[in-house]
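Undergrad: Take this structure, written in structure tokens, and hold onto it; I'll ask about it next.
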Amino acid sequence: MGLSLAAGVAFEEQAPPGAPGAPLLLVHGAGGTHDHWPEALRRLPGRRVIAVDLPGHGASPAPGEKAVQAYARRIVDLLDALGIASAVVSGHSMGGAIALTLALEAPERIAGLLLVGTGARLRVVPAILLASADPTRASELASAAAGFSFGAAASPELLRAFAEGMAAVTPGVVHGDFTACDAFDVMDRLGAIRAPARIVVGAEDRLTPPKYSAFLRERLPGDGLLVVPGAGHMVTWEAPDAVTREAMLLLAGIS
Ligand code: COA
């Protein structure tokens, strides 16, 4: 499936004619692209699905942004450009931070939230933040990030694919992403969110541990907290069927 461009954001779109319900918008995490989402989710039958490459990532033109709110504004611009009044937003990691920010700053545009491997606060280990500021360390950082991003059972091929994808992102963009994550904190604001949320996290997630998801579940409307045994932070690749199933359950409860 080819990518389109609107409001400076590249996106993959599946648009079945006459698809009912709010479109599903997929937002990847730091240093990722749309292909961090399971293919089955990007091809969900009978639903309009839009999987973005955030500014500066994948096929989207540079620069990236350095704050979660700035990424959220770019998503609102994209919704405007596509004439979408309201979407169900699925966010992974930093994408989840963007989804939560949209639910707070533009609540009328958000019909539901699927929050995958994320949290209401995303402090970044200082050594990672520092390494990401040095362009000569991009491939070292990508390999280290791959080592942290998966459960013990993940295949070496998955780790390699992740590291190659991250190394291909402009280094300054990855640093902007980690800077954005590090400053993100809506722990005290979750009570203002009205959109129903489902939550998924890998039991072995070391970057956004299950504790972060439990915190979201206690404070957000909706139901469902799936902790996937054996999966790490890249639960979208490690357990694609489970993530897709949770999205279907969320969508079934909304439209
Ligand atoms: N949801 C719920 N609780 C959270 C939270 C969240 N999103 N973020 C932090 N907390 C909790 C912590 O678990 C900790 O609880 P505790 O005092 O009971 O142990 C407390 O809030 C303070 O945590 P934090 O502000 O993160 O400070 P810290 O100095 O303990 O740790 C880091 C800083 C960076 C080492 C730590 O946040 C970490 O390991 N982060 C994950 C690794 C990472 O880089 N992730 C990348 C995200 S994109």
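To be explicit about the labels: the chains of the structure tokens are called A, B, and onward in the order shown, and within each one the residues are counted from 1, while ligands get numbers from 1 in the order they are shown.
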Might you pull out every residue within 8 Å of Gly172 of chain A, with only C-alpha atoms counted and same-chain residues fewer than 2 positions away left off, and present them as a PyMOL selection string?
TA: chain A and resi 132-133+135+170+174-176
Undergrad: Using C-alpha atoms, can you write the selected residues to a file as a PDB file, in the first residue's frame?
TA:
ATOM      1  CA  SER A 132      20.593  10.492  21.066  1.00  0.00           C
ATOM      2  CA  ALA A 133      22.066  14.022  20.922  1.00  0.00           C
ATOM      3  CA  PRO A 135      24.667  11.815  15.543  1.00  0.00           C
ATOM      4  CA  THR A 170      17.469  11.201  11.061  1.00  0.00           C
ATOM      5  CA  VAL A 174      15.206  10.685  17.457  1.00  0.00           C
ATOM      6  CA  HIS A 175      16.746  13.149  19.914  1.00  0.00           C
ATOM      7  CA  GLY A 176      13.711  15.404  19.471  1.00  0.00           C
TER       8      GLY A 176
END
Undergrad: What do you get as a JSON list (two decimals) with N, CA and C atoms, in the first residue's frame if you pick all residues at most 8 Å from ligand 1, counting only C-alpha atoms and all ligand atoms?
TA:
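This went into selection_36.json:
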[["chain", "number", "residue", "atom", "x", "y", "z"],
["A", 29, "GLY", "N", 5.66, 5.30, 17.93],
["A", 29, "GLY", "CA", 6.47, 5.89, 19.00],
["A", 29, "GLY", "C", 7.78, 6.50, 18.53],
["A", 30, "ALA", "N", 8.64, 6.84, 19.50],
["A", 30, "ALA", "CA", 9.91, 7.52, 19.21],
["A", 30, "ALA", "C", 10.76, 6.70, 18.25],
["A", 93, "SER", "N", 3.70, 3.99, 22.83],
["A", 93, "SER", "CA", 4.84, 4.68, 23.47],
["A", 93, "SER", "C", 4.67, 6.20, 23.34],
["A", 94, "MET", "N", 5.59, 6.91, 22.66],
["A", 94, "MET", "CA", 5.39, 8.36, 22.50],
["A", 94, "MET", "C", 4.07, 8.65, 21.77],
["A", 118, "THR", "N", 2.65, 2.47, 26.91],
["A", 118, "THR", "CA", 2.83, 3.91, 27.10],
["A", 118, "THR", "C", 2.56, 4.29, 28.56],
["A", 119, "GLY", "N", 2.44, 5.58, 28.82],
["A", 119, "GLY", "CA", 2.21, 6.02, 30.18],
["A", 119, "GLY", "C", 1.88, 7.50, 30.22],
["A", 120, "ALA", "N", 1.48, 7.96, 31.41],
["A", 120, "ALA", "CA", 1.10, 9.37, 31.57],
["A", 120, "ALA", "C", 2.32, 10.24, 31.81],
["A", 121, "ARG", "N", 3.45, 9.59, 32.04],
["A", 121, "ARG", "CA", 4.72, 10.31, 32.19],
["A", 121, "ARG", "C", 5.79, 9.42, 31.59],
["A", 122, "LEU", "N", 6.69, 9.98, 30.78],
["A", 122, "LEU", "CA", 7.64, 9.13, 30.05],
["A", 122, "LEU", "C", 9.08, 9.64, 30.21],
["A", 123, "ARG", "N", 9.53, 9.72, 31.44],
["A", 123, "ARG", "CA", 10.92, 10.12, 31.67],
["A", 123, "ARG", "C", 11.86, 9.16, 30.94],
["A", 124, "VAL", "N", 12.93, 9.70, 30.36],
["A", 124, "VAL", "CA", 13.89, 8.90, 29.60],
["A", 124, "VAL", "C", 15.18, 8.79, 30.38],
["A", 125, "VAL", "N", 15.76, 7.59, 30.40],
["A", 125, "VAL", "CA", 17.05, 7.38, 31.07],
["A", 125, "VAL", "C", 18.05, 8.41, 30.53],
["A", 126, "PRO", "N", 18.70, 9.18, 31.42],
["A", 126, "PRO", "CA", 19.59, 10.26, 30.96],
["A", 126, "PRO", "C", 20.64, 9.81, 29.94],
["A", 128, "ILE", "N", 20.38, 7.60, 27.63],
["A", 128, "ILE", "CA", 19.75, 7.46, 26.30],
["A", 128, "ILE", "C", 19.56, 8.85, 25.69],
["A", 178, "PHE", "N", 12.98, 11.82, 22.03],
["A", 178, "PHE", "CA", 13.29, 11.51, 23.43],
["A", 178, "PHE", "C", 13.17, 12.76, 24.31],
["A", 181, "CYS", "N", 9.48, 13.05, 24.93],
["A", 181, "CYS", "CA", 9.02, 12.06, 25.93],
["A", 181, "CYS", "C", 9.42, 12.51, 27.33],
["A", 182, "ASP", "N", 10.67, 12.93, 27.47],
["A", 182, "ASP", "CA", 11.20, 13.24, 28.79],
["A", 182, "ASP", "C", 10.42, 14.36, 29.48],
["A", 185, "ASP", "N", 4.30, 14.85, 30.79],
["A", 185, "ASP", "CA", 3.75, 14.47, 32.11],
["A", 185, "ASP", "C", 2.32, 14.96, 32.22],
["A", 187, "MET", "N", 0.23, 13.13, 34.37],
["A", 187, "MET", "CA", -0.23, 12.26, 35.47],
["A", 187, "MET", "C", -1.37, 12.91, 36.28],
["A", 206, "ARG", "N", 10.30, -2.92, 29.60],
["A", 206, "ARG", "CA", 11.22, -2.23, 30.52],
["A", 206, "ARG", "C", 11.24, -0.73, 30.29],
["A", 207, "LEU", "N", 10.71, -0.25, 29.16],
["A", 207, "LEU", "CA", 10.74, 1.19, 28.87],
["A", 207, "LEU", "C", 9.49, 1.88, 29.39],
["A", 208, "THR", "N", 8.36, 1.22, 29.29],
["A", 208, "THR", "CA", 7.12, 1.73, 29.88],
["A", 208, "THR", "C", 6.49, 0.56, 30.65],
["A", 209, "PRO", "N", 6.98, 0.30, 31.85],
["A", 209, "PRO", "CA", 6.58, -0.91, 32.58],
["A", 209, "PRO", "C", 5.07, -0.98, 32.83],
["A", 211, "LYS", "N", 3.37, -1.09, 35.31],
["A", 211, "LYS", "CA", 2.92, -0.14, 36.34],
["A", 211, "LYS", "C", 2.34, 1.14, 35.70],
["A", 212, "TYR", "N", 2.95, 1.62, 34.62],
["A", 212, "TYR", "CA", 2.47, 2.84, 33.95],
["A", 212, "TYR", "C", 1.06, 2.61, 33.38],
["A", 213, "SER", "N", 0.85, 1.39, 32.84],
["A", 213, "SER", "CA", -0.46, 1.08, 32.25],
["A", 213, "SER", "C", -1.52, 0.92, 33.35],
["A", 214, "ALA", "N", -1.12, 0.33, 34.48],
["A", 214, "ALA", "CA", -2.07, 0.19, 35.60],
["A", 214, "ALA", "C", -2.51, 1.58, 36.08],
["A", 215, "PHE", "N", -1.58, 2.51, 36.09],
["A", 215, "PHE", "CA", -1.89, 3.89, 36.50],
["A", 215, "PHE", "C", -2.92, 4.50, 35.53],
["A", 216, "LEU", "N", -2.73, 4.27, 34.24],
["A", 216, "LEU", "CA", -3.70, 4.78, 33.24],
["A", 216, "LEU", "C", -5.07, 4.13, 33.45]]
Undergrad: Ranking A:Ala19, A:Ala72, A:Ala81, A:Val116 by minimum distance to Ala6 of chain A and counting only C-alpha atoms, which one comes first?
TA: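 Closest candidate: A:Ala81.
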Undergrad: Which parts of segment 34-229 of chain A does DSSP call alpha helix (DSSP H) when run on the backbone here, written out as a ChimeraX atom specification?
TA: /A:39-42,68-82,94-105,126-132,138-148,156-168,171-183,210-219
Undergrad: What does the structure give for the distance between atom CA of Ser60 of chain A and atom CA of Gly165 of chain A, in Å to one decimal?
TA: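 Value for the atom CA of Ser60 of chain A-atom CA of Gly165 of chain A distance: 14.3 Å.
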Undergrad: Would you mind listing what lies within 9 Å of Val173 of chain A as a VMD selection string, with only C-alpha atoms counted and same-chain residues fewer than 3 positions away left out?
TA: chain A and resid 30 to 31 55 to 57 62 to 66 169 to 170 176 to 178
Undergrad: One decimal, Å: what's the distance from atom CA of Pro38 of chain A over to atom CA of Ala242 of chain A, could you say?
TA: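 One can read the atom CA of Pro38 of chain A to atom CA of Ala242 of chain A distance as 9.9 Å.
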Undergrad: Between A:Ser139, A:His28, A:Val201, A:Glu157, which has the minimum distance to Ile98 of chain A (counting only C-alpha atoms)?
TA: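 Smallest distance to Ile98 of chain A is found for A:His28.
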Undergrad: Counting only C-alpha atoms, what is within 10 Å of Leu102 of chain A, bar same-chain residues fewer than 4 positions away, as a PyMOL selection string?
TA: chain A and resi 68-69+71-73+75-76+89+96-98+106-110+113+193
Undergrad: Tell me, as a short mmCIF file (atom, residue, chain, number, x, y, z; two decimals) with N, CA and C atoms, in the first residue's frame, which residues lie within 12 Å of Gly21 of chain A, counting only C-alpha atoms; anything in the same chain fewer than 6 positions away does not count.
TA:
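around_20.cif written:
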data_model
loop_
_atom_site.label_atom_id
_atom_site.label_comp_id
_atom_site.auth_asym_id
_atom_site.auth_seq_id
_atom_site.Cartn_x
_atom_site.Cartn_y
_atom_site.Cartn_z
N ALA A 15 -9.11 2.79 3.01
CA ALA A 15 -10.39 3.50 3.08
C ALA A 15 -11.45 2.73 2.31
N GLY A 46 -13.28 -3.46 6.86
CA GLY A 46 -14.47 -2.61 6.97
C GLY A 46 -14.27 -1.33 7.72
N ARG A 47 -13.05 -0.91 7.97
CA ARG A 47 -12.81 0.30 8.76
C ARG A 47 -11.80 1.19 8.03
N ARG A 48 -12.03 2.49 8.03
CA ARG A 48 -11.01 3.41 7.52
C ARG A 48 -9.86 3.46 8.54
N VAL A 49 -8.66 3.14 8.10
CA VAL A 49 -7.49 3.12 9.00
C VAL A 49 -6.39 3.98 8.40
N ILE A 84 -11.60 14.86 8.75
CA ILE A 84 -12.03 13.90 9.78
C ILE A 84 -12.43 14.66 11.04
N ALA A 85 -13.72 14.59 11.41
CA ALA A 85 -14.20 15.33 12.57
C ALA A 85 -13.70 14.69 13.86
N SER A 86 -13.71 13.37 13.88
CA SER A 86 -13.33 12.67 15.10
C SER A 86 -12.79 11.29 14.76
N ALA A 87 -11.74 10.87 15.48
CA ALA A 87 -11.09 9.59 15.19
C ALA A 87 -10.87 8.82 16.49
N VAL A 88 -10.75 7.50 16.34
CA VAL A 88 -10.26 6.67 17.43
C VAL A 88 -8.74 6.64 17.26
N ALA A 111 -12.61 10.00 19.65
CA ALA A 111 -13.75 9.16 20.03
C ALA A 111 -13.34 8.01 20.94
N GLY A 112 -12.06 7.68 20.97
CA GLY A 112 -11.60 6.57 21.80
C GLY A 112 -10.09 6.48 21.74
N LEU A 250 -12.23 -2.30 21.26
CA LEU A 250 -12.46 -0.87 21.51
C LEU A 250 -13.45 -0.31 20.48
N LEU A 251 -13.18 -0.62 19.21
CA LEU A 251 -14.03 -0.08 18.14
C LEU A 251 -15.46 -0.59 18.27
N ALA A 252 -15.63 -1.86 18.67
CA ALA A 252 -16.97 -2.43 18.80
C ALA A 252 -17.77 -1.71 19.88
N GLY A 253 -17.07 -1.19 20.88
CA GLY A 253 -17.77 -0.51 21.97
C GLY A 253 -18.09 0.95 21.66
N ILE A 254 -17.56 1.45 20.55
CA ILE A 254 -17.73 2.88 20.25
C ILE A 254 -18.78 3.13 19.18
N SER A 255 -18.77 2.31 18.10
CA SER A 255 -19.69 2.64 16.99
C SER A 255 -20.78 1.60 16.82
#
